[in-house]
Amino acid sequence: MEALATANRTKAAAAKAAPSRARLFLREVKRYRMLLLMTVPGLVYLFINNYIPMYGVILAFKNLNYVQGIWGSPWVGMDNFKFLFNSPDAYLITRNTILYNVAFIIVNLMLALTVALLINEIKDKVVARFYQSTFLLPHIISMVVVAYLVYSFLNADSGLVNRQLSSLFGFDSISWYNEPQYWPYILVIVNAWKGVGFLAIIYFAAIIGIDKEYYEAAIIDGAGKWKQMTRITLPLIAPVIIVMTLLAISSIMRSDFGLFYQVTMNSGPLMPTTNTIDTFVYRAMVKLGDIGMSAAAGFYQSVVCFFLILSANFAVRRISKNDALF
């Protein structure tokens with residue numbers, strides 16, 4: 001009994017001497033106070049730009065009256081969602097948004113990996129940096145500029161494509177902005193041209209971070225370029241590929257408004273193949289003035305994207321826990 005009491009007193013003294021969690025926390029805060037202070041502007045921006053506007057989701061459940069304001073407007077419950085899903089365009093815009101984004105993810109991933117691997121094979125650093133800048137340039141060009149570049153190619157009267165088709169092959173000029181069947185391919189090409197460079201730079205940065213000793217050992221064992229790529233490069237940059245793919249999946253219900261609205265020049269005949277949720281929301285808000293339905297469509301996008309990223313991340317965790325986002 002005496003030994004037990006002594007042990008308890010020893011434990012109590014040790015617990016009393018040990019710093020509490022609050023003290024440990026304050027100690028760490030004090031230790032990294034300058035680094036934490038540097039995060040304040042970013043956190044303030046994040047709060048103002050991303051969290052404060054979230055109260056506007058209430059518009060999806062109201063019939064907005066500008067005189068009464070957001071809170072004073074009448075509550076309509078799920079009527080805005082019913083109007084959205086009962087619309088004849090509901091299936092069309094959802095299908096277009098998902099299928100285009102799936103195509104973008106697959107095509108851009110394949111092309112970006114190819115470009116990154118090819119740049120990695122360039123031994124001259126100056127030439128490699130030139131190609132990096134060249135591939136990255138389209139990413140920073142405004143979509144308005146891209147729209148007019150595409151127009152210069154596809155203009156029915158003086159476009160470069162029509163001039164070449166008519167002069168080289170004797171084909172009649174195609175009115176591209178009135179022919180919806182061509183635009184699934186055109187939009188995939190334009191999106192790849194604009195976005196592949198950025199992804200390629202990210203993958204290239206991951207590749208150059210791989211220890212060169214792996215490749216030296218592979219060369220000694222007689223591995224060629226193909227085996228080095230498939231057995232060393234791709235497996236080691238797989239975490240980066242997974243993260244970028246998950247981020248793309250998280251936006252699969254959102255479309256690039258500039259790509260689908262400006263590049264297509266808002267052409268009516270193209271809407272069966274180019275109308276997406278984002279362009280539908282814009283037209284509903286501008287032409288119909290129906291902010292409630294537009295907010296309902298945006299809320300629908302956010303909820304679906306949220307569950308998609310959770311599902312994709314769960315699938316990744318089942319395969320490789322270390323590669324999941326959370």
# chains A, B, ... in the order shown; residues from 1 in each chain; ligands from 1
>>> residues_around(residues="region 193-206 of chain A", least_positions_apart="6", cutoff="9 Å", atoms="only C-alpha atoms", output="PDB file with N, CA and C atoms, in the first residue's frame")
ATOM      1  N   VAL A 107      -7.269  14.494 -71.270  1.00  0.00           N
ATOM      2  CA  VAL A 107      -6.392  14.997 -72.336  1.00  0.00           C
ATOM      3  C   VAL A 107      -5.265  15.843 -71.757  1.00  0.00           C
ATOM      4  N   ASN A 108      -5.594  16.757 -70.852  1.00  0.00           N
ATOM      5  CA  ASN A 108      -4.563  17.628 -70.289  1.00  0.00           C
ATOM      6  C   ASN A 108      -3.545  16.850 -69.461  1.00  0.00           C
ATOM      7  N   LEU A 109      -4.001  15.826 -68.739  1.00  0.00           N
ATOM      8  CA  LEU A 109      -3.081  15.010 -67.955  1.00  0.00           C
ATOM      9  C   LEU A 109      -2.087  14.295 -68.854  1.00  0.00           C
ATOM     10  N   LEU A 111      -1.208  14.959 -72.033  1.00  0.00           N
ATOM     11  CA  LEU A 111      -0.336  15.888 -72.752  1.00  0.00           C
ATOM     12  C   LEU A 111       0.671  16.552 -71.812  1.00  0.00           C
ATOM     13  N   ALA A 112       0.221  16.932 -70.608  1.00  0.00           N
ATOM     14  CA  ALA A 112       1.126  17.594 -69.666  1.00  0.00           C
ATOM     15  C   ALA A 112       2.254  16.657 -69.235  1.00  0.00           C
ATOM     16  N   LEU A 113       1.934  15.407 -68.970  1.00  0.00           N
ATOM     17  CA  LEU A 113       2.970  14.442 -68.604  1.00  0.00           C
ATOM     18  C   LEU A 113       3.948  14.237 -69.755  1.00  0.00           C
ATOM     19  N   THR A 114       3.418  14.164 -70.970  1.00  0.00           N
ATOM     20  CA  THR A 114       4.289  13.989 -72.140  1.00  0.00           C
ATOM     21  C   THR A 114       5.232  15.172 -72.296  1.00  0.00           C
ATOM     22  N   VAL A 115       4.691  16.381 -72.194  1.00  0.00           N
ATOM     23  CA  VAL A 115       5.515  17.586 -72.331  1.00  0.00           C
ATOM     24  C   VAL A 115       6.565  17.650 -71.221  1.00  0.00           C
ATOM     25  N   ALA A 116       6.164  17.344 -69.996  1.00  0.00           N
ATOM     26  CA  ALA A 116       7.106  17.392 -68.872  1.00  0.00           C
ATOM     27  C   ALA A 116       8.239  16.385 -69.065  1.00  0.00           C
ATOM     28  N   LEU A 117       7.908  15.187 -69.524  1.00  0.00           N
ATOM     29  CA  LEU A 117       8.939  14.166 -69.744  1.00  0.00           C
ATOM     30  C   LEU A 117       9.876  14.560 -70.876  1.00  0.00           C
ATOM     31  N   ILE A 119      10.568  17.708 -71.884  1.00  0.00           N
ATOM     32  CA  ILE A 119      11.423  18.816 -71.422  1.00  0.00           C
ATOM     33  C   ILE A 119      12.527  18.291 -70.518  1.00  0.00           C
ATOM     34  N   ASN A 120      12.215  17.270 -69.737  1.00  0.00           N
ATOM     35  CA  ASN A 120      13.219  16.704 -68.833  1.00  0.00           C
ATOM     36  C   ASN A 120      14.382  16.068 -69.593  1.00  0.00           C
ATOM     37  N   GLN A 132       9.913  25.869 -71.472  1.00  0.00           N
ATOM     38  CA  GLN A 132       9.010  26.061 -70.337  1.00  0.00           C
ATOM     39  C   GLN A 132       8.230  27.361 -70.486  1.00  0.00           C
ATOM     40  N   SER A 133       8.919  28.445 -70.834  1.00  0.00           N
ATOM     41  CA  SER A 133       8.260  29.744 -71.003  1.00  0.00           C
ATOM     42  C   SER A 133       7.279  29.710 -72.164  1.00  0.00           C
ATOM     43  N   THR A 134       7.669  29.027 -73.235  1.00  0.00           N
ATOM     44  CA  THR A 134       6.809  28.943 -74.414  1.00  0.00           C
ATOM     45  C   THR A 134       5.510  28.215 -74.103  1.00  0.00           C
ATOM     46  N   PHE A 135       5.619  27.094 -73.390  1.00  0.00           N
ATOM     47  CA  PHE A 135       4.416  26.324 -73.060  1.00  0.00           C
ATOM     48  C   PHE A 135       3.556  27.029 -72.015  1.00  0.00           C
ATOM     49  N   LEU A 136       4.181  27.817 -71.143  1.00  0.00           N
ATOM     50  CA  LEU A 136       3.433  28.503 -70.101  1.00  0.00           C
ATOM     51  C   LEU A 136       2.721  29.749 -70.610  1.00  0.00           C
ATOM     52  N   LEU A 137       3.222  30.334 -71.711  1.00  0.00           N
ATOM     53  CA  LEU A 137       2.676  31.595 -72.220  1.00  0.00           C
ATOM     54  C   LEU A 137       1.165  31.563 -72.463  1.00  0.00           C
ATOM     55  N   PRO A 138       0.600  30.521 -73.114  1.00  0.00           N
ATOM     56  CA  PRO A 138      -0.860  30.523 -73.332  1.00  0.00           C
ATOM     57  C   PRO A 138      -1.669  30.594 -72.047  1.00  0.00           C
ATOM     58  N   HIS A 139      -1.126  30.062 -70.958  1.00  0.00           N
ATOM     59  CA  HIS A 139      -1.870  30.034 -69.696  1.00  0.00           C
ATOM     60  C   HIS A 139      -2.139  31.442 -69.163  1.00  0.00           C
ATOM     61  N   ILE A 140      -1.245  32.377 -69.436  1.00  0.00           N
ATOM     62  CA  ILE A 140      -1.392  33.724 -68.890  1.00  0.00           C
ATOM     63  C   ILE A 140      -2.074  34.679 -69.868  1.00  0.00           C
ATOM     64  N   ILE A 141      -2.464  34.180 -71.029  1.00  0.00           N
ATOM     65  CA  ILE A 141      -3.177  35.012 -71.994  1.00  0.00           C
ATOM     66  C   ILE A 141      -4.653  35.064 -71.618  1.00  0.00           C
ATOM     67  N   VAL A 146      -7.742  34.919 -76.409  1.00  0.00           N
ATOM     68  CA  VAL A 146      -7.836  33.574 -76.982  1.00  0.00           C
ATOM     69  C   VAL A 146      -9.054  33.470 -77.889  1.00  0.00           C
ATOM     70  N   LEU A 236       7.288   7.917 -58.923  1.00  0.00           N
ATOM     71  CA  LEU A 236       7.752   8.865 -57.925  1.00  0.00           C
ATOM     72  C   LEU A 236       7.002  10.197 -57.971  1.00  0.00           C
ATOM     73  N   ILE A 237       6.441  10.533 -59.135  1.00  0.00           N
ATOM     74  CA  ILE A 237       5.651  11.774 -59.190  1.00  0.00           C
ATOM     75  C   ILE A 237       4.155  11.478 -59.088  1.00  0.00           C
ATOM     76  N   VAL A 240       2.004  13.819 -56.872  1.00  0.00           N
ATOM     77  CA  VAL A 240       1.687  15.114 -57.494  1.00  0.00           C
ATOM     78  C   VAL A 240       0.569  14.949 -58.513  1.00  0.00           C
ATOM     79  N   ILE A 241       0.637  13.885 -59.302  1.00  0.00           N
ATOM     80  CA  ILE A 241      -0.409  13.628 -60.302  1.00  0.00           C
ATOM     81  C   ILE A 241      -1.756  13.440 -59.624  1.00  0.00           C
ATOM     82  N   MET A 244      -3.128  16.867 -58.265  1.00  0.00           N
ATOM     83  CA  MET A 244      -3.634  17.720 -59.343  1.00  0.00           C
ATOM     84  C   MET A 244      -4.921  17.160 -59.938  1.00  0.00           C
TER      85      MET A 244
END
>>> select_by_dssp(residues="region 45-234 of chain A", states="helix (DSSP H, G or I)", output="PyMOL selection string")
chain A and resi 45-61+69-72+79-86+90-120+125-140+143-154+160-169+176-178+180-208+212-220+225-234
>>> closest_atom_pairs(of="region 149-256 of chain A", to="region 84-99 of chain A", cutoff="10 Å", atoms="only C-alpha atoms", output="Markdown table")
| residue | atom | partner | partner_atom | distance |
| --- | --- | --- | --- | --- |
| A:Pro184 | CA | A:Asn96 | CA | 9.4 |
| A:Ile249 | CA | A:Ile98 | CA | 9.8 |
| A:Ser251 | CA | A:Ile98 | CA | 9.6 |
| A:Ile252 | CA | A:Ile98 | CA | 6.0 |
| A:Met253 | CA | A:Ile98 | CA | 6.0 |
| A:Arg254 | CA | A:Thr97 | CA | 6.8 |
| A:Ser255 | CA | A:Thr97 | CA | 6.2 |
| A:Asp256 | CA | A:Thr97 | CA | 9.6 |
>>> write_last_selection(atoms="N, CA, C and O atoms", output="PDB file, in the first residue's frame")
ATOM      1  N   PRO A 184     -17.112  20.265 -79.761  1.00  0.00           N
ATOM      2  CA  PRO A 184     -16.500  19.451 -78.702  1.00  0.00           C
ATOM      3  C   PRO A 184     -15.005  19.236 -78.916  1.00  0.00           C
ATOM      4  O   PRO A 184     -14.223  19.228 -77.960  1.00  0.00           O
ATOM      5  N   ILE A 249     -10.923  17.207 -60.270  1.00  0.00           N
ATOM      6  CA  ILE A 249     -12.212  16.553 -60.025  1.00  0.00           C
ATOM      7  C   ILE A 249     -13.096  17.420 -59.138  1.00  0.00           C
ATOM      8  O   ILE A 249     -14.319  17.460 -59.302  1.00  0.00           O
ATOM      9  N   SER A 251     -13.552  20.400 -59.284  1.00  0.00           N
ATOM     10  CA  SER A 251     -14.196  21.455 -60.084  1.00  0.00           C
ATOM     11  C   SER A 251     -14.891  20.893 -61.314  1.00  0.00           C
ATOM     12  O   SER A 251     -15.118  21.619 -62.288  1.00  0.00           O
ATOM     13  N   ILE A 252     -15.225  19.606 -61.274  1.00  0.00           N
ATOM     14  CA  ILE A 252     -15.766  18.962 -62.462  1.00  0.00           C
ATOM     15  C   ILE A 252     -17.165  19.468 -62.813  1.00  0.00           C
ATOM     16  O   ILE A 252     -17.625  19.341 -63.950  1.00  0.00           O
ATOM     17  N   MET A 253     -17.848  20.070 -61.838  1.00  0.00           N
ATOM     18  CA  MET A 253     -19.170  20.621 -62.112  1.00  0.00           C
ATOM     19  C   MET A 253     -19.110  22.112 -62.459  1.00  0.00           C
ATOM     20  O   MET A 253     -20.139  22.757 -62.618  1.00  0.00           O
ATOM     21  N   ARG A 254     -17.909  22.638 -62.575  1.00  0.00           N
ATOM     22  CA  ARG A 254     -17.740  24.044 -62.951  1.00  0.00           C
ATOM     23  C   ARG A 254     -17.016  24.113 -64.284  1.00  0.00           C
ATOM     24  O   ARG A 254     -16.116  23.313 -64.543  1.00  0.00           O
ATOM     25  N   SER A 255     -17.398  25.037 -65.098  1.00  0.00           N
ATOM     26  CA  SER A 255     -16.775  25.174 -66.414  1.00  0.00           C
ATOM     27  C   SER A 255     -16.116  26.541 -66.533  1.00  0.00           C
ATOM     28  O   SER A 255     -16.470  27.476 -65.815  1.00  0.00           O
ATOM     29  N   ASP A 256     -15.153  26.617 -67.434  1.00  0.00           N
ATOM     30  CA  ASP A 256     -14.467  27.879 -67.701  1.00  0.00           C
ATOM     31  C   ASP A 256     -15.420  28.774 -68.497  1.00  0.00           C
ATOM     32  O   ASP A 256     -15.681  28.533 -69.680  1.00  0.00           O
TER      33      ASP A 256
END
>>> residues_around(residues="Phe314 (chain A)", least_positions_apart="6", cutoff="10 Å", atoms="only C-alpha atoms", output="VMD selection string")
chain A and resid 308 320 to 321 324 to 326
>>> write_last_selection(atoms="C-alpha atoms", output="PDB file, in the first residue's frame")
ATOM      1  CA  LEU A 308     -17.218  14.426 -55.690  1.00  0.00           C
ATOM      2  CA  SER A 320      -2.783   4.762 -50.905  1.00  0.00           C
ATOM      3  CA  LYS A 321      -3.434   6.610 -47.665  1.00  0.00           C
ATOM      4  CA  ALA A 324      -4.832  11.445 -50.258  1.00  0.00           C
ATOM      5  CA  LEU A 325      -5.472  15.145 -49.749  1.00  0.00           C
ATOM      6  CA  PHE A 326      -7.001  14.591 -46.299  1.00  0.00           C
TER       7      PHE A 326
END
>>> residues_around(residues="Met285 (chain A)", least_positions_apart="4", cutoff="12 Å", atoms="only C-alpha atoms", output="PDB file with all heavy atoms, in the first residue's frame")
ATOM      1  N   LEU A  64     -35.804  37.059 -54.781  1.00  0.00           N
ATOM      2  CA  LEU A  64     -35.173  38.318 -54.422  1.00  0.00           C
ATOM      3  C   LEU A  64     -36.013  39.515 -54.846  1.00  0.00           C
ATOM      4  O   LEU A  64     -36.425  39.645 -55.998  1.00  0.00           O
ATOM      5  CB  LEU A  64     -33.782  38.420 -55.064  1.00  0.00           C
ATOM      6  CG  LEU A  64     -33.007  39.695 -54.759  1.00  0.00           C
ATOM      7  CD1 LEU A  64     -32.710  39.799 -53.258  1.00  0.00           C
ATOM      8  CD2 LEU A  64     -31.715  39.748 -55.562  1.00  0.00           C
ATOM      9  N   ASP A 278     -22.381  27.093 -65.979  1.00  0.00           N
ATOM     10  CA  ASP A 278     -21.941  28.469 -65.752  1.00  0.00           C
ATOM     11  C   ASP A 278     -22.526  29.437 -66.773  1.00  0.00           C
ATOM     12  O   ASP A 278     -22.962  30.545 -66.415  1.00  0.00           O
ATOM     13  CB  ASP A 278     -20.418  28.546 -65.780  1.00  0.00           C
ATOM     14  CG  ASP A 278     -19.793  27.836 -64.592  1.00  0.00           C
ATOM     15  OD1 ASP A 278     -19.573  26.621 -64.696  1.00  0.00           O
ATOM     16  OD2 ASP A 278     -19.544  28.491 -63.569  1.00  0.00           O
ATOM     17  N   THR A 279     -22.552  29.045 -68.042  1.00  0.00           N
ATOM     18  CA  THR A 279     -23.136  29.931 -69.050  1.00  0.00           C
ATOM     19  C   THR A 279     -24.649  30.019 -68.875  1.00  0.00           C
ATOM     20  O   THR A 279     -25.251  31.073 -69.100  1.00  0.00           O
ATOM     21  CB  THR A 279     -22.797  29.433 -70.470  1.00  0.00           C
ATOM     22  OG1 THR A 279     -23.242  28.081 -70.631  1.00  0.00           O
ATOM     23  CG2 THR A 279     -21.298  29.495 -70.713  1.00  0.00           C
ATOM     24  N   PHE A 280     -25.261  28.907 -68.444  1.00  0.00           N
ATOM     25  CA  PHE A 280     -26.701  28.921 -68.193  1.00  0.00           C
ATOM     26  C   PHE A 280     -27.043  29.876 -67.054  1.00  0.00           C
ATOM     27  O   PHE A 280     -28.014  30.646 -67.127  1.00  0.00           O
ATOM     28  CB  PHE A 280     -27.168  27.505 -67.860  1.00  0.00           C
ATOM     29  CG  PHE A 280     -28.624  27.392 -67.505  1.00  0.00           C
ATOM     30  CD1 PHE A 280     -29.589  27.345 -68.487  1.00  0.00           C
ATOM     31  CD2 PHE A 280     -29.022  27.346 -66.184  1.00  0.00           C
ATOM     32  CE1 PHE A 280     -30.937  27.251 -68.155  1.00  0.00           C
ATOM     33  CE2 PHE A 280     -30.357  27.253 -65.843  1.00  0.00           C
ATOM     34  CZ  PHE A 280     -31.320  27.206 -66.840  1.00  0.00           C
ATOM     35  N   VAL A 281     -26.236  29.842 -65.986  1.00  0.00           N
ATOM     36  CA  VAL A 281     -26.451  30.736 -64.846  1.00  0.00           C
ATOM     37  C   VAL A 281     -26.306  32.190 -65.284  1.00  0.00           C
ATOM     38  O   VAL A 281     -27.107  33.055 -64.910  1.00  0.00           O
ATOM     39  CB  VAL A 281     -25.465  30.409 -63.716  1.00  0.00           C
ATOM     40  CG1 VAL A 281     -25.479  31.488 -62.646  1.00  0.00           C
ATOM     41  CG2 VAL A 281     -25.814  29.063 -63.091  1.00  0.00           C
ATOM     42  N   GLY A 289     -33.053  37.861 -65.475  1.00  0.00           N
ATOM     43  CA  GLY A 289     -33.024  38.571 -64.209  1.00  0.00           C
ATOM     44  C   GLY A 289     -33.392  37.700 -63.031  1.00  0.00           C
ATOM     45  O   GLY A 289     -33.758  38.213 -61.966  1.00  0.00           O
ATOM     46  N   ASP A 290     -33.311  36.364 -63.215  1.00  0.00           N
ATOM     47  CA  ASP A 290     -33.711  35.431 -62.161  1.00  0.00           C
ATOM     48  C   ASP A 290     -32.492  35.066 -61.312  1.00  0.00           C
ATOM     49  O   ASP A 290     -31.811  34.062 -61.543  1.00  0.00           O
ATOM     50  CB  ASP A 290     -34.325  34.175 -62.778  1.00  0.00           C
ATOM     51  CG  ASP A 290     -35.079  33.340 -61.758  1.00  0.00           C
ATOM     52  OD1 ASP A 290     -34.808  33.498 -60.556  1.00  0.00           O
ATOM     53  OD2 ASP A 290     -35.948  32.548 -62.168  1.00  0.00           O
ATOM     54  N   ILE A 291     -32.221  35.882 -60.308  1.00  0.00           N
ATOM     55  CA  ILE A 291     -31.061  35.655 -59.459  1.00  0.00           C
ATOM     56  C   ILE A 291     -31.264  34.423 -58.575  1.00  0.00           C
ATOM     57  O   ILE A 291     -30.318  33.693 -58.279  1.00  0.00           O
ATOM     58  CB  ILE A 291     -30.776  36.905 -58.607  1.00  0.00           C
ATOM     59  CG1 ILE A 291     -30.300  38.038 -59.515  1.00  0.00           C
ATOM     60  CG2 ILE A 291     -29.737  36.615 -57.527  1.00  0.00           C
ATOM     61  CD1 ILE A 291     -29.980  39.311 -58.795  1.00  0.00           C
ATOM     62  N   GLY A 292     -32.497  34.174 -58.152  1.00  0.00           N
ATOM     63  CA  GLY A 292     -32.778  33.016 -57.307  1.00  0.00           C
ATOM     64  C   GLY A 292     -32.423  31.717 -57.990  1.00  0.00           C
ATOM     65  O   GLY A 292     -31.775  30.846 -57.404  1.00  0.00           O
ATOM     66  N   MET A 293     -32.811  31.569 -59.262  1.00  0.00           N
ATOM     67  CA  MET A 293     -32.491  30.347 -59.993  1.00  0.00           C
ATOM     68  C   MET A 293     -30.991  30.249 -60.247  1.00  0.00           C
ATOM     69  O   MET A 293     -30.401  29.165 -60.195  1.00  0.00           O
ATOM     70  CB  MET A 293     -33.251  30.303 -61.314  1.00  0.00           C
ATOM     71  CG  MET A 293     -33.118  28.970 -62.042  1.00  0.00           C
ATOM     72  SD  MET A 293     -33.965  28.957 -63.619  1.00  0.00           S
ATOM     73  CE  MET A 293     -33.004  30.145 -64.549  1.00  0.00           C
ATOM     74  N   SER A 294     -30.353  31.386 -60.523  1.00  0.00           N
ATOM     75  CA  SER A 294     -28.905  31.384 -60.728  1.00  0.00           C
ATOM     76  C   SER A 294     -28.177  30.952 -59.465  1.00  0.00           C
ATOM     77  O   SER A 294     -27.225  30.165 -59.511  1.00  0.00           O
ATOM     78  CB  SER A 294     -28.442  32.783 -61.150  1.00  0.00           C
ATOM     79  OG  SER A 294     -29.111  33.218 -62.315  1.00  0.00           O
ATOM     80  N   ALA A 295     -28.639  31.453 -58.313  1.00  0.00           N
ATOM     81  CA  ALA A 295     -28.031  31.053 -57.045  1.00  0.00           C
ATOM     82  C   ALA A 295     -28.275  29.575 -56.763  1.00  0.00           C
ATOM     83  O   ALA A 295     -27.403  28.881 -56.223  1.00  0.00           O
ATOM     84  CB  ALA A 295     -28.597  31.902 -55.909  1.00  0.00           C
ATOM     85  N   ALA A 296     -29.447  29.074 -57.132  1.00  0.00           N
ATOM     86  CA  ALA A 296     -29.749  27.655 -56.944  1.00  0.00           C
ATOM     87  C   ALA A 296     -28.816  26.785 -57.783  1.00  0.00           C
ATOM     88  O   ALA A 296     -28.323  25.750 -57.317  1.00  0.00           O
ATOM     89  CB  ALA A 296     -31.201  27.372 -57.302  1.00  0.00           C
ATOM     90  N   ALA A 297     -28.549  27.210 -59.017  1.00  0.00           N
ATOM     91  CA  ALA A 297     -27.641  26.456 -59.879  1.00  0.00           C
ATOM     92  C   ALA A 297     -26.224  26.466 -59.317  1.00  0.00           C
ATOM     93  O   ALA A 297     -25.532  25.441 -59.324  1.00  0.00           O
ATOM     94  CB  ALA A 297     -27.655  27.043 -61.283  1.00  0.00           C
ATOM     95  N   GLY A 298     -25.786  27.622 -58.813  1.00  0.00           N
ATOM     96  CA  GLY A 298     -24.462  27.699 -58.211  1.00  0.00           C
ATOM     97  C   GLY A 298     -24.339  26.840 -56.962  1.00  0.00           C
ATOM     98  O   GLY A 298     -23.314  26.190 -56.735  1.00  0.00           O
TER      99      GLY A 298
END
>>> atom_distance(atom1="CA of Leu187 (chain A)", atom2="CA of Phe306 (chain A)")
25.6 Å
>>> residues_around(residues="region 67-69 of chain A", least_positions_apart="6", cutoff="12 Å", atoms="only C-alpha atoms", output="MDAnalysis selection string")
chainID A and resid 56 58:59 75
>>> closest_residue(among="A:Ser175, A:Thr233, A:Asn313, A:Asn191", to="Ile207 (chain A)", atoms="only C-alpha atoms")
A:Thr233
>>> atom_distance(atom1="CA of Glu213 (chain A)", atom2="CA of Lys123 (chain A)")
16.9 Å
>>> closest_residue(among="A:Asn50, A:Asn322, A:Asn80, A:Ser152", to="Ile242 (chain A)", atoms="only C-alpha atoms")
A:Asn322
>>> decode(residues="region 155-172 of chain A", atoms="N, CA, C and O atoms", output="PDB file, in the first residue's frame")
ATOM      1  N   ASN A 155     -13.050  32.131 -88.643  1.00  0.00           N
ATOM      2  CA  ASN A 155     -13.966  33.048 -89.311  1.00  0.00           C
ATOM      3  C   ASN A 155     -14.394  32.476 -90.661  1.00  0.00           C
ATOM      4  O   ASN A 155     -13.567  31.986 -91.438  1.00  0.00           O
ATOM      5  N   ALA A 156     -15.709  32.529 -90.924  1.00  0.00           N
ATOM      6  CA  ALA A 156     -16.239  31.886 -92.129  1.00  0.00           C
ATOM      7  C   ALA A 156     -15.712  32.518 -93.413  1.00  0.00           C
ATOM      8  O   ALA A 156     -15.544  31.834 -94.427  1.00  0.00           O
ATOM      9  N   ASP A 157     -15.443  33.810 -93.404  1.00  0.00           N
ATOM     10  CA  ASP A 157     -15.042  34.503 -94.630  1.00  0.00           C
ATOM     11  C   ASP A 157     -13.531  34.579 -94.806  1.00  0.00           C
ATOM     12  O   ASP A 157     -13.022  34.309 -95.894  1.00  0.00           O
ATOM     13  N   SER A 158     -12.837  34.978 -93.751  1.00  0.00           N
ATOM     14  CA  SER A 158     -11.398  35.221 -93.895  1.00  0.00           C
ATOM     15  C   SER A 158     -10.551  34.409 -92.931  1.00  0.00           C
ATOM     16  O   SER A 158      -9.362  34.676 -92.778  1.00  0.00           O
ATOM     17  N   GLY A 159     -11.139  33.419 -92.275  1.00  0.00           N
ATOM     18  CA  GLY A 159     -10.394  32.619 -91.313  1.00  0.00           C
ATOM     19  C   GLY A 159      -9.307  31.785 -91.970  1.00  0.00           C
ATOM     20  O   GLY A 159      -9.456  31.336 -93.124  1.00  0.00           O
ATOM     21  N   LEU A 160      -8.222  31.586 -91.263  1.00  0.00           N
ATOM     22  CA  LEU A 160      -7.082  30.848 -91.811  1.00  0.00           C
ATOM     23  C   LEU A 160      -7.464  29.420 -92.183  1.00  0.00           C
ATOM     24  O   LEU A 160      -7.029  28.903 -93.218  1.00  0.00           O
ATOM     25  N   VAL A 161      -8.273  28.764 -91.361  1.00  0.00           N
ATOM     26  CA  VAL A 161      -8.647  27.373 -91.626  1.00  0.00           C
ATOM     27  C   VAL A 161      -9.448  27.269 -92.910  1.00  0.00           C
ATOM     28  O   VAL A 161      -9.179  26.410 -93.766  1.00  0.00           O
ATOM     29  N   ASN A 162     -10.438  28.145 -93.086  1.00  0.00           N
ATOM     30  CA  ASN A 162     -11.248  28.096 -94.305  1.00  0.00           C
ATOM     31  C   ASN A 162     -10.427  28.403 -95.541  1.00  0.00           C
ATOM     32  O   ASN A 162     -10.617  27.792 -96.598  1.00  0.00           O
ATOM     33  N   ARG A 163      -9.501  29.336 -95.433  1.00  0.00           N
ATOM     34  CA  ARG A 163      -8.659  29.671 -96.589  1.00  0.00           C
ATOM     35  C   ARG A 163      -7.777  28.485 -96.977  1.00  0.00           C
ATOM     36  O   ARG A 163      -7.627  28.162 -98.155  1.00  0.00           O
ATOM     37  N   GLN A 164      -7.231  27.798 -95.972  1.00  0.00           N
ATOM     38  CA  GLN A 164      -6.383  26.656 -96.256  1.00  0.00           C
ATOM     39  C   GLN A 164      -7.193  25.482 -96.802  1.00  0.00           C
ATOM     40  O   GLN A 164      -6.764  24.788 -97.721  1.00  0.00           O
ATOM     41  N   LEU A 165      -8.386  25.258 -96.218  1.00  0.00           N
ATOM     42  CA  LEU A 165      -9.228  24.160 -96.700  1.00  0.00           C
ATOM     43  C   LEU A 165      -9.631  24.366 -98.153  1.00  0.00           C
ATOM     44  O   LEU A 165      -9.597  23.448 -98.963  1.00  0.00           O
ATOM     45  N   SER A 166     -10.029  25.592 -98.460  1.00  0.00           N
ATOM     46  CA  SER A 166     -10.497  25.871 -99.808  1.00  0.00           C
ATOM     47  C   SER A 166      -9.364  25.855-100.828  1.00  0.00           C
ATOM     48  O   SER A 166      -9.545  25.401-101.960  1.00  0.00           O
ATOM     49  N   SER A 167      -8.179  26.326-100.437  1.00  0.00           N
ATOM     50  CA  SER A 167      -7.067  26.405-101.381  1.00  0.00           C
ATOM     51  C   SER A 167      -6.359  25.058-101.562  1.00  0.00           C
ATOM     52  O   SER A 167      -5.969  24.707-102.679  1.00  0.00           O
ATOM     53  N   LEU A 168      -6.204  24.296-100.480  1.00  0.00           N
ATOM     54  CA  LEU A 168      -5.449  23.044-100.561  1.00  0.00           C
ATOM     55  C   LEU A 168      -6.310  21.859-100.975  1.00  0.00           C
ATOM     56  O   LEU A 168      -5.873  21.012-101.755  1.00  0.00           O
ATOM     57  N   PHE A 169      -7.532  21.801-100.444  1.00  0.00           N
ATOM     58  CA  PHE A 169      -8.360  20.615-100.668  1.00  0.00           C
ATOM     59  C   PHE A 169      -9.603  20.892-101.502  1.00  0.00           C
ATOM     60  O   PHE A 169     -10.339  19.971-101.848  1.00  0.00           O
ATOM     61  N   GLY A 170      -9.849  22.128-101.805  1.00  0.00           N
ATOM     62  CA  GLY A 170     -11.019  22.458-102.604  1.00  0.00           C
ATOM     63  C   GLY A 170     -12.334  22.333-101.865  1.00  0.00           C
ATOM     64  O   GLY A 170     -13.397  22.232-102.485  1.00  0.00           O
ATOM     65  N   PHE A 171     -12.295  22.324-100.516  1.00  0.00           N
ATOM     66  CA  PHE A 171     -13.515  22.220 -99.723  1.00  0.00           C
ATOM     67  C   PHE A 171     -14.227  23.566 -99.674  1.00  0.00           C
ATOM     68  O   PHE A 171     -13.616  24.616 -99.798  1.00  0.00           O
ATOM     69  N   ASP A 172     -15.521  23.484 -99.491  1.00  0.00           N
ATOM     70  CA  ASP A 172     -16.289  24.710 -99.280  1.00  0.00           C
ATOM     71  C   ASP A 172     -16.017  25.239 -97.879  1.00  0.00           C
ATOM     72  O   ASP A 172     -15.721  24.486 -96.951  1.00  0.00           O
TER      73      ASP A 172
END
